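Reviewing the structure listed below.
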Amino acid sequence: MISIANLSVSFGAVHALTNVSFDAAKGKITAILGANGAGKTTLLRTITGLEEAASGEISLEGTSLLNMRTEDIARAGVGHVPEGRGVIAEFTVLENLRLGSLAAKVNFQDGLAEQFELFPVLGERRSQHAATLSGGERQMLAMARALIAKPSVLLLDEPSLGLAPLVTAEMMATISQLCEKQSLTVLLVEQNAKSALKVAHDAVVLHLGNVVAAASAQEVASDERLRQYYLGLVDQ
Ligand SMILES: Nc1ncnc2c1ncn2[C@@H]1O[C@H](COP(=O)(O)OP(=O)(O)O)[C@@H](O)[C@H]1O
Ligand SMILES: [Mg+2]
């Protein structure tokens, strides 16, 4: 379980996160929802040590991640797929995956076989530069690069951004499978509440850095007030 307690993060006068508290259950998908500027990216970046918390606590299975270096947080089992995917366009698929495996010191060939089984298209395109991949393939590569290090927690920042609805649906299905088969704990940050709520077990709704709801995905999806005011899900 990853536990966030009273977490606050500021950028000068901007309070990006204010007293944020929730638990993300082990082996489940917790969707982090909210409009642009809600603080979703800041939350993930603070978990991986890229932003500094002003106060509060972040712990993984009871061990505090605060004051740990980003590389040690990765070694502790937290994989981060940043906003915009963060693959290196000039590197091939293989080179990008090698980078992912370096941090965790896993056997590269074994990890590679596993990722190509999960994402066969990456195997077919192993020698292509990431720049030549489609948006969906690039997202798969970004996920594979994080997964090859064998994380127990996967942080995904807007994986559906810029993807066609069908590609988004496939990706959500893959996230669901991973979670089930590998008992991966997933924090799924999405502005696209509809797709995320379909696969998430739990959901946290952020608004201007505050938690306005933390409940089961089903409860959040059926709350008219949340749908209308915070999730942009207006019924037809
Ligand atoms: N590096 C930064 N410097 C200053 N303000 C920032 C920085 N990163 C984020 N913010 C501000 O923090 C708030 C939350 O941003 P962000 O976490 O990116 O939201 P989201 O990912 O939900 O769109 C916004 O008001 C944003 O402008
Ligand atoms: Mg963001």
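Chain labels A, B, ... are given in the sequence in which chains occur in the structure tokens; within each chain residues are numbered consecutively from 1, and ligands are likewise numbered from 1 in the order shown.
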
Surrounding residues of Ala213 of chain A excluding itself and chain neighbours under 3 positions, 8 Å, only C-alpha atoms, as a PDB file with N, CA, C and O atoms, in the first residue's frame:
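The resulting file, part.pdb, is shown below:
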```pdb
ATOM      1  N   ALA A 203     -10.894   5.800  -6.538  1.00  0.00           N
ATOM      2  CA  ALA A 203     -10.621   7.069  -7.215  1.00  0.00           C
ATOM      3  C   ALA A 203     -10.481   8.196  -6.214  1.00  0.00           C
ATOM      4  O   ALA A 203     -11.159   8.225  -5.178  1.00  0.00           O
ATOM      5  N   VAL A 204      -9.548   9.097  -6.525  1.00  0.00           N
ATOM      6  CA  VAL A 204      -9.333  10.299  -5.731  1.00  0.00           C
ATOM      7  C   VAL A 204      -9.574  11.470  -6.671  1.00  0.00           C
ATOM      8  O   VAL A 204      -9.034  11.491  -7.775  1.00  0.00           O
ATOM      9  N   VAL A 205     -10.409  12.414  -6.258  1.00  0.00           N
ATOM     10  CA  VAL A 205     -10.666  13.577  -7.104  1.00  0.00           C
ATOM     11  C   VAL A 205      -9.978  14.784  -6.479  1.00  0.00           C
ATOM     12  O   VAL A 205     -10.217  15.112  -5.311  1.00  0.00           O
ATOM     13  N   LEU A 206      -9.103  15.420  -7.264  1.00  0.00           N
ATOM     14  CA  LEU A 206      -8.393  16.615  -6.795  1.00  0.00           C
ATOM     15  C   LEU A 206      -8.994  17.855  -7.443  1.00  0.00           C
ATOM     16  O   LEU A 206      -9.369  17.830  -8.620  1.00  0.00           O
ATOM     17  N   VAL A 220     -17.549   7.127  -6.943  1.00  0.00           N
ATOM     18  CA  VAL A 220     -17.200   8.392  -7.591  1.00  0.00           C
ATOM     19  C   VAL A 220     -17.943   8.518  -8.920  1.00  0.00           C
ATOM     20  O   VAL A 220     -18.506   9.563  -9.243  1.00  0.00           O
TER      21      VAL A 220
END
```

Cut-off 8 Å, only C-alpha atoms and all ligand atoms, neighbours of ligand 1 as a list in words: Ser10, Phe11, Gly12, Val14, His15, Ala16, Leu17, Leu33, Gly34, Ala35, Asn36, Gly37, Ala38, Gly39, Lys40, Thr41, Thr42, Leu43, Asp157, Gln191, Leu206, Leu208 and Gly209 of chain A

What does the distance from atom CA of Ser55 of chain A to atom CA of Ile32 of chain A come to in Å, to one decimal? 20.2 Å

DSSP on the backbone: which residues in segment 10-232 of chain A end up as helix (DSSP H, G or I)? Give the answer as a compact mmCIF listing (two decimals) with N, CA, C and O atoms, in the first residue's frame.
```txt
# COMPACT_ATOMS: atom_id res chain seq x y z
N LYS A 40 -2.26 16.93 -10.06
CA LYS A 40 -2.04 15.49 -10.30
C LYS A 40 -0.57 15.18 -10.59
O LYS A 40 0.01 14.27 -10.00
N THR A 41 0.02 15.95 -11.50
CA THR A 41 1.43 15.71 -11.85
C THR A 41 2.33 15.99 -10.66
O THR A 41 3.27 15.23 -10.38
N THR A 42 2.02 17.06 -9.93
CA THR A 42 2.83 17.39 -8.74
C THR A 42 2.78 16.24 -7.73
O THR A 42 3.81 15.90 -7.13
N LEU A 43 1.63 15.62 -7.58
CA LEU A 43 1.51 14.49 -6.65
C LEU A 43 2.45 13.37 -7.05
O LEU A 43 3.24 12.87 -6.23
N LEU A 44 2.44 12.98 -8.33
CA LEU A 44 3.31 11.88 -8.78
C LEU A 44 4.78 12.27 -8.65
O LEU A 44 5.61 11.48 -8.22
N ARG A 45 5.10 13.51 -9.03
CA ARG A 45 6.49 13.96 -8.96
C ARG A 45 6.99 14.04 -7.52
O ARG A 45 8.18 13.85 -7.26
N THR A 46 6.09 14.31 -6.59
CA THR A 46 6.50 14.36 -5.18
C THR A 46 6.73 12.94 -4.66
O THR A 46 7.68 12.69 -3.91
N ILE A 47 5.90 12.00 -5.10
CA ILE A 47 6.10 10.60 -4.69
C ILE A 47 7.47 10.11 -5.16
O ILE A 47 8.17 9.41 -4.42
N THR A 70 15.60 10.21 -5.68
CA THR A 70 14.75 9.68 -6.74
C THR A 70 15.19 8.27 -7.18
O THR A 70 14.36 7.38 -7.35
N GLU A 71 16.51 8.08 -7.32
CA GLU A 71 16.98 6.76 -7.78
C GLU A 71 16.72 5.68 -6.73
O GLU A 71 16.46 4.52 -7.07
N ASP A 72 16.77 6.06 -5.45
CA ASP A 72 16.49 5.07 -4.40
C ASP A 72 15.00 4.76 -4.33
O ASP A 72 14.61 3.63 -3.99
N ILE A 73 14.17 5.76 -4.63
CA ILE A 73 12.72 5.52 -4.67
C ILE A 73 12.41 4.55 -5.81
O ILE A 73 11.61 3.63 -5.66
N ALA A 74 13.09 4.72 -6.93
CA ALA A 74 12.92 3.79 -8.06
C ALA A 74 13.36 2.38 -7.63
O ALA A 74 12.67 1.39 -7.89
N ARG A 75 14.50 2.30 -6.94
CA ARG A 75 14.99 0.99 -6.48
C ARG A 75 14.07 0.36 -5.46
O ARG A 75 13.99 -0.86 -5.34
N VAL A 93 13.87 1.45 -29.70
CA VAL A 93 13.05 0.78 -28.69
C VAL A 93 13.96 0.03 -27.71
O VAL A 93 13.84 0.15 -26.49
N LEU A 94 14.91 -0.74 -28.26
CA LEU A 94 15.83 -1.51 -27.42
C LEU A 94 16.64 -0.61 -26.48
O LEU A 94 16.81 -0.92 -25.31
N GLU A 95 17.15 0.49 -27.04
CA GLU A 95 17.98 1.40 -26.22
C GLU A 95 17.16 2.03 -25.10
O GLU A 95 17.64 2.18 -23.97
N ASN A 96 15.92 2.38 -25.40
CA ASN A 96 15.05 2.94 -24.36
C ASN A 96 14.80 1.90 -23.26
O ASN A 96 14.81 2.24 -22.07
N LEU A 97 14.58 0.67 -23.67
CA LEU A 97 14.32 -0.38 -22.67
C LEU A 97 15.56 -0.68 -21.83
O LEU A 97 15.46 -0.96 -20.64
N ARG A 98 16.71 -0.59 -22.48
CA ARG A 98 17.95 -0.82 -21.73
C ARG A 98 18.11 0.22 -20.61
O ARG A 98 18.51 -0.10 -19.50
N LEU A 99 17.77 1.46 -20.94
CA LEU A 99 17.83 2.52 -19.93
C LEU A 99 16.96 2.17 -18.73
O LEU A 99 17.34 2.36 -17.58
N GLY A 100 15.76 1.65 -19.02
CA GLY A 100 14.85 1.29 -17.93
C GLY A 100 15.40 0.19 -17.05
O GLY A 100 15.17 0.18 -15.84
N SER A 101 16.15 -0.73 -17.64
CA SER A 101 16.64 -1.86 -16.86
C SER A 101 17.89 -1.50 -16.07
O SER A 101 18.20 -2.14 -15.06
N LEU A 102 18.61 -0.47 -16.49
CA LEU A 102 19.86 -0.09 -15.81
C LEU A 102 19.61 0.26 -14.35
O LEU A 102 20.31 -0.19 -13.46
N ALA A 103 18.56 1.06 -14.15
CA ALA A 103 18.27 1.56 -12.80
C ALA A 103 18.04 0.42 -11.81
O ALA A 103 18.40 0.53 -10.65
N ALA A 104 17.47 -0.68 -12.29
CA ALA A 104 17.06 -1.73 -11.36
C ALA A 104 17.99 -2.93 -11.34
O ALA A 104 17.82 -3.85 -10.54
N PHE A 108 18.66 -8.06 -18.34
CA PHE A 108 18.04 -7.33 -19.44
C PHE A 108 17.30 -8.26 -20.39
O PHE A 108 16.17 -8.00 -20.78
N GLN A 109 17.94 -9.38 -20.76
CA GLN A 109 17.32 -10.28 -21.75
C GLN A 109 16.00 -10.87 -21.23
O GLN A 109 15.02 -10.95 -21.96
N ASP A 110 15.98 -11.27 -19.98
CA ASP A 110 14.75 -11.82 -19.40
C ASP A 110 13.66 -10.77 -19.38
O ASP A 110 12.51 -11.02 -19.73
N GLY A 111 14.04 -9.56 -18.94
CA GLY A 111 13.08 -8.47 -18.87
C GLY A 111 12.53 -8.12 -20.24
O GLY A 111 11.34 -7.88 -20.41
N LEU A 112 13.43 -8.15 -21.21
CA LEU A 112 13.05 -7.82 -22.59
C LEU A 112 12.01 -8.81 -23.11
O LEU A 112 10.98 -8.42 -23.67
N ALA A 113 12.29 -10.09 -22.90
CA ALA A 113 11.36 -11.14 -23.37
C ALA A 113 9.98 -10.92 -22.75
O ALA A 113 8.95 -11.05 -23.42
N GLU A 114 9.98 -10.58 -21.48
CA GLU A 114 8.72 -10.37 -20.78
C GLU A 114 7.94 -9.17 -21.37
O GLU A 114 6.73 -9.25 -21.59
N GLN A 115 8.66 -8.10 -21.63
CA GLN A 115 8.00 -6.90 -22.16
C GLN A 115 7.51 -7.12 -23.59
O GLN A 115 6.45 -6.62 -23.98
N PHE A 116 8.27 -7.90 -24.38
CA PHE A 116 7.84 -8.15 -25.76
C PHE A 116 6.64 -9.10 -25.79
O PHE A 116 5.87 -9.10 -26.74
N GLU A 117 6.51 -9.89 -24.74
CA GLU A 117 5.33 -10.75 -24.66
C GLU A 117 4.09 -9.90 -24.34
O GLU A 117 3.02 -10.08 -24.89
N LEU A 118 4.31 -8.94 -23.45
CA LEU A 118 3.22 -8.05 -23.04
C LEU A 118 2.86 -7.07 -24.17
O LEU A 118 1.69 -6.77 -24.39
N PRO A 120 3.73 -7.04 -27.91
CA PRO A 120 4.39 -7.66 -29.08
C PRO A 120 4.85 -6.64 -30.12
O PRO A 120 5.90 -6.83 -30.74
N VAL A 121 4.12 -5.55 -30.25
CA VAL A 121 4.49 -4.57 -31.28
C VAL A 121 5.87 -3.96 -30.99
O VAL A 121 6.61 -3.60 -31.91
N LEU A 122 6.25 -3.91 -29.73
CA LEU A 122 7.57 -3.36 -29.39
C LEU A 122 8.68 -4.31 -29.85
O LEU A 122 9.76 -3.88 -30.25
N GLY A 123 8.39 -5.60 -29.81
CA GLY A 123 9.35 -6.59 -30.29
C GLY A 123 9.56 -6.43 -31.79
O GLY A 123 10.69 -6.45 -32.28
N GLU A 124 8.44 -6.22 -32.49
CA GLU A 124 8.53 -6.04 -33.95
C GLU A 124 9.31 -4.78 -34.31
O GLU A 124 9.93 -4.71 -35.35
N ALA A 130 12.42 5.61 -31.35
CA ALA A 130 11.14 5.90 -30.69
C ALA A 130 10.37 6.99 -31.43
O ALA A 130 9.14 6.99 -31.44
N ALA A 131 11.12 7.90 -32.10
CA ALA A 131 10.47 9.00 -32.83
C ALA A 131 9.54 8.49 -33.93
O ALA A 131 8.60 9.18 -34.30
N THR A 132 9.81 7.29 -34.43
CA THR A 132 9.01 6.78 -35.55
C THR A 132 7.79 5.97 -35.07
O THR A 132 7.05 5.44 -35.89
N GLY A 135 1.67 7.28 -31.36
CA GLY A 135 1.45 7.72 -29.98
C GLY A 135 1.19 6.56 -29.03
O GLY A 135 1.74 6.50 -27.93
N GLY A 136 0.38 5.62 -29.49
CA GLY A 136 0.04 4.46 -28.65
C GLY A 136 1.26 3.59 -28.40
O GLY A 136 1.48 3.11 -27.28
N GLU A 137 2.06 3.39 -29.45
CA GLU A 137 3.27 2.56 -29.31
C GLU A 137 4.28 3.24 -28.38
O GLU A 137 4.96 2.57 -27.59
N ARG A 138 4.36 4.55 -28.47
CA ARG A 138 5.28 5.28 -27.61
C ARG A 138 4.85 5.16 -26.14
O ARG A 138 5.67 5.05 -25.24
N GLN A 139 3.54 5.18 -25.92
CA GLN A 139 3.04 5.00 -24.55
C GLN A 139 3.37 3.60 -24.04
O GLN A 139 3.74 3.42 -22.89
N MET A 140 3.23 2.60 -24.93
CA MET A 140 3.58 1.23 -24.54
C MET A 140 5.06 1.16 -24.18
O MET A 140 5.45 0.51 -23.21
N LEU A 141 5.90 1.82 -24.99
CA LEU A 141 7.34 1.82 -24.73
C LEU A 141 7.64 2.47 -23.38
O LEU A 141 8.45 1.96 -22.60
N ALA A 142 6.96 3.58 -23.10
CA ALA A 142 7.19 4.26 -21.82
C ALA A 142 6.79 3.35 -20.67
O ALA A 142 7.48 3.27 -19.64
N MET A 143 5.69 2.62 -20.84
CA MET A 143 5.26 1.70 -19.79
C MET A 143 6.22 0.54 -19.65
O MET A 143 6.60 0.16 -18.54
N ALA A 144 6.64 -0.02 -20.80
CA ALA A 144 7.57 -1.15 -20.78
C ALA A 144 8.89 -0.75 -20.13
O ALA A 144 9.50 -1.51 -19.38
N ARG A 145 9.31 0.48 -20.41
CA ARG A 145 10.58 0.95 -19.83
C ARG A 145 10.50 1.02 -18.31
O ARG A 145 11.46 0.73 -17.60
N ALA A 146 9.33 1.40 -17.80
CA ALA A 146 9.16 1.42 -16.34
C ALA A 146 9.01 -0.01 -15.80
O ALA A 146 9.59 -0.36 -14.77
N LEU A 147 8.26 -0.86 -16.53
CA LEU A 147 7.95 -2.20 -16.03
C LEU A 147 9.16 -3.13 -16.03
O LEU A 147 9.22 -4.06 -15.23
N PRO A 165 -9.58 6.97 -29.04
CA PRO A 165 -10.39 6.25 -28.05
C PRO A 165 -10.14 4.74 -28.03
O PRO A 165 -10.05 4.14 -26.96
N LEU A 166 -9.98 4.15 -29.21
CA LEU A 166 -9.77 2.70 -29.27
C LEU A 166 -8.43 2.32 -28.66
O LEU A 166 -8.30 1.32 -27.94
N VAL A 167 -7.41 3.11 -28.95
CA VAL A 167 -6.07 2.86 -28.42
C VAL A 167 -6.08 3.06 -26.90
O VAL A 167 -5.47 2.29 -26.15
N THR A 168 -6.81 4.08 -26.46
CA THR A 168 -6.94 4.32 -25.02
C THR A 168 -7.59 3.12 -24.34
O THR A 168 -7.11 2.65 -23.30
N ALA A 169 -8.64 2.60 -24.94
CA ALA A 169 -9.34 1.45 -24.35
C ALA A 169 -8.41 0.25 -24.24
O ALA A 169 -8.38 -0.44 -23.21
N GLU A 170 -7.60 0.01 -25.27
CA GLU A 170 -6.65 -1.11 -25.25
C GLU A 170 -5.63 -0.92 -24.13
O GLU A 170 -5.28 -1.85 -23.41
N MET A 171 -5.15 0.33 -24.02
CA MET A 171 -4.15 0.60 -23.00
C MET A 171 -4.71 0.42 -21.60
O MET A 171 -4.04 -0.13 -20.73
N MET A 172 -5.93 0.86 -21.39
CA MET A 172 -6.56 0.70 -20.08
C MET A 172 -6.70 -0.79 -19.76
O MET A 172 -6.51 -1.21 -18.62
N ALA A 173 -7.04 -1.59 -20.80
CA ALA A 173 -7.17 -3.03 -20.59
C ALA A 173 -5.83 -3.64 -20.19
O ALA A 173 -5.76 -4.51 -19.31
N THR A 174 -4.75 -3.16 -20.81
CA THR A 174 -3.41 -3.66 -20.47
C THR A 174 -3.06 -3.31 -19.03
O THR A 174 -2.53 -4.15 -18.28
N ILE A 175 -3.40 -2.09 -18.61
CA ILE A 175 -3.11 -1.66 -17.24
C ILE A 175 -3.87 -2.56 -16.25
O ILE A 175 -3.32 -3.01 -15.24
N SER A 176 -5.10 -2.85 -16.60
CA SER A 176 -5.93 -3.71 -15.77
C SER A 176 -5.32 -5.10 -15.61
O SER A 176 -5.24 -5.66 -14.51
N GLN A 177 -4.86 -5.65 -16.74
CA GLN A 177 -4.24 -6.99 -16.75
C GLN A 177 -2.99 -7.03 -15.88
O GLN A 177 -2.79 -7.98 -15.12
N LEU A 178 -2.15 -5.99 -16.04
CA LEU A 178 -0.90 -5.92 -15.30
C LEU A 178 -1.17 -5.95 -13.81
O LEU A 178 -0.51 -6.63 -13.03
N CYS A 179 -2.17 -5.16 -13.45
CA CYS A 179 -2.53 -5.03 -12.06
C CYS A 179 -2.97 -6.38 -11.50
O CYS A 179 -2.55 -6.77 -10.41
N GLU A 180 -3.75 -7.10 -12.28
CA GLU A 180 -4.26 -8.38 -11.83
C GLU A 180 -3.17 -9.45 -11.78
O GLU A 180 -2.99 -10.13 -10.78
N LYS A 181 -2.41 -9.57 -12.89
CA LYS A 181 -1.44 -10.67 -13.01
C LYS A 181 -0.22 -10.46 -12.15
O LYS A 181 0.35 -11.41 -11.64
N GLN A 182 0.24 -9.20 -12.03
CA GLN A 182 1.49 -8.96 -11.31
C GLN A 182 1.26 -8.29 -9.99
O GLN A 182 2.20 -7.85 -9.33
N ALA A 193 -11.64 11.14 -17.16
CA ALA A 193 -12.22 10.41 -16.03
C ALA A 193 -13.00 9.19 -16.48
O ALA A 193 -12.99 8.15 -15.82
N LYS A 194 -13.63 9.31 -17.62
CA LYS A 194 -14.50 8.22 -18.08
C LYS A 194 -13.71 6.92 -18.29
O LYS A 194 -14.09 5.87 -17.76
N SER A 195 -12.60 7.00 -19.03
CA SER A 195 -11.80 5.79 -19.29
C SER A 195 -11.18 5.27 -18.01
O SER A 195 -11.14 4.07 -17.77
N ALA A 196 -10.69 6.18 -17.17
CA ALA A 196 -10.00 5.76 -15.96
C ALA A 196 -10.96 5.07 -15.00
O ALA A 196 -10.63 4.05 -14.39
N LEU A 197 -12.16 5.61 -14.86
CA LEU A 197 -13.11 5.04 -13.90
C LEU A 197 -13.59 3.65 -14.33
O LEU A 197 -14.05 2.87 -13.50
N LYS A 198 -13.45 3.35 -15.62
CA LYS A 198 -13.86 2.01 -16.09
C LYS A 198 -12.94 0.93 -15.54
O LYS A 198 -13.39 -0.20 -15.33
N VAL A 199 -11.66 1.25 -15.36
CA VAL A 199 -10.72 0.20 -14.92
C VAL A 199 -10.28 0.35 -13.46
O VAL A 199 -9.76 -0.59 -12.87
N ALA A 217 -14.20 3.57 -7.08
CA ALA A 217 -14.43 4.15 -8.41
C ALA A 217 -15.93 4.18 -8.71
O ALA A 217 -16.43 5.13 -9.32
N GLN A 218 -16.60 3.15 -8.26
CA GLN A 218 -18.04 3.06 -8.50
C GLN A 218 -18.79 4.22 -7.82
O GLN A 218 -19.67 4.83 -8.42
N GLU A 219 -18.42 4.48 -6.59
CA GLU A 219 -19.08 5.58 -5.86
C GLU A 219 -18.81 6.92 -6.54
O GLU A 219 -19.72 7.73 -6.69
N VAL A 220 -17.55 7.13 -6.94
CA VAL A 220 -17.20 8.39 -7.59
C VAL A 220 -17.94 8.52 -8.92
O VAL A 220 -18.51 9.56 -9.24
N ALA A 221 -17.99 7.41 -9.68
CA ALA A 221 -18.62 7.44 -11.00
C ALA A 221 -20.12 7.70 -10.92
O ALA A 221 -20.72 8.19 -11.87
N GLU A 224 -23.37 12.42 -8.83
CA GLU A 224 -23.74 13.45 -9.82
C GLU A 224 -22.95 14.74 -9.64
O GLU A 224 -22.55 15.38 -10.60
N ARG A 225 -22.76 15.12 -8.36
CA ARG A 225 -22.07 16.38 -8.09
C ARG A 225 -20.61 16.32 -8.59
O ARG A 225 -20.11 17.23 -9.25
N LEU A 226 -19.95 15.20 -8.29
CA LEU A 226 -18.57 15.03 -8.76
C LEU A 226 -18.52 14.99 -10.27
O LEU A 226 -17.66 15.63 -10.89
N ARG A 227 -19.44 14.25 -10.86
CA ARG A 227 -19.46 14.12 -12.32
C ARG A 227 -19.58 15.49 -12.98
O ARG A 227 -18.86 15.81 -13.91
N GLN A 228 -20.50 16.28 -12.45
CA GLN A 228 -20.82 17.55 -13.08
C GLN A 228 -19.75 18.62 -12.83
O GLN A 228 -19.29 19.28 -13.74
N TYR A 229 -19.34 18.76 -11.55
CA TYR A 229 -18.48 19.89 -11.21
C TYR A 229 -16.99 19.61 -11.33
O TYR A 229 -16.20 20.50 -11.55
```

Residue neighbourhood Asp23 of chain A, 10 Å, only C-alpha atoms, exclusion window fewer than 4 positions, as a list in words: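 Listing them by chain and then by number gives Met1, Ile2, Ser3, Ile4, Ala5, Thr30, Ile58, Ser59, Leu60, Asp202, Val204 and Ala214 of chain A.
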
Residue nearest ligand 2 - candidates A:Gly162, A:Gly84, A:Pro151, A:Gly232, atoms counted: only C-alpha atoms and all ligand atoms: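 Residue with the minimum atom-to-atom distance to ligand 2: A:Gly84.
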
Could you give me the residues within chain A that DSSP places in strand (DSSP E or B), as an MDAnalysis selection string? chainID A and resid 2:11 14:24 29:33 55:60 63:64 78:81 92 129 153:157 185:190 202:207 210:216

Have a look at atom CA of Ala215 of chain A and atom CA of Met68 of chain A and let me know their distance in Å, one decimal. 29.0 Å

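With atom CA of Val87 of chain A on one side and atom CA of Lys26 of chain A on the other, the separation reads 26.8 Å.
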
Between A:Asn6, A:Ser222, A:Ser134, A:Asn107, single out the one closest to Asn19 of chain A, counting only C-alpha atoms.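 Counting only C-alpha atoms, the residue closest to Asn19 of chain A is A:Asn6.
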
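Using only C-alpha atoms and all ligand atoms, the nearest neighbour of ligand 2 within the list A:Asp223, A:Ala24, A:Ile88, A:Leu188 is A:Leu188.
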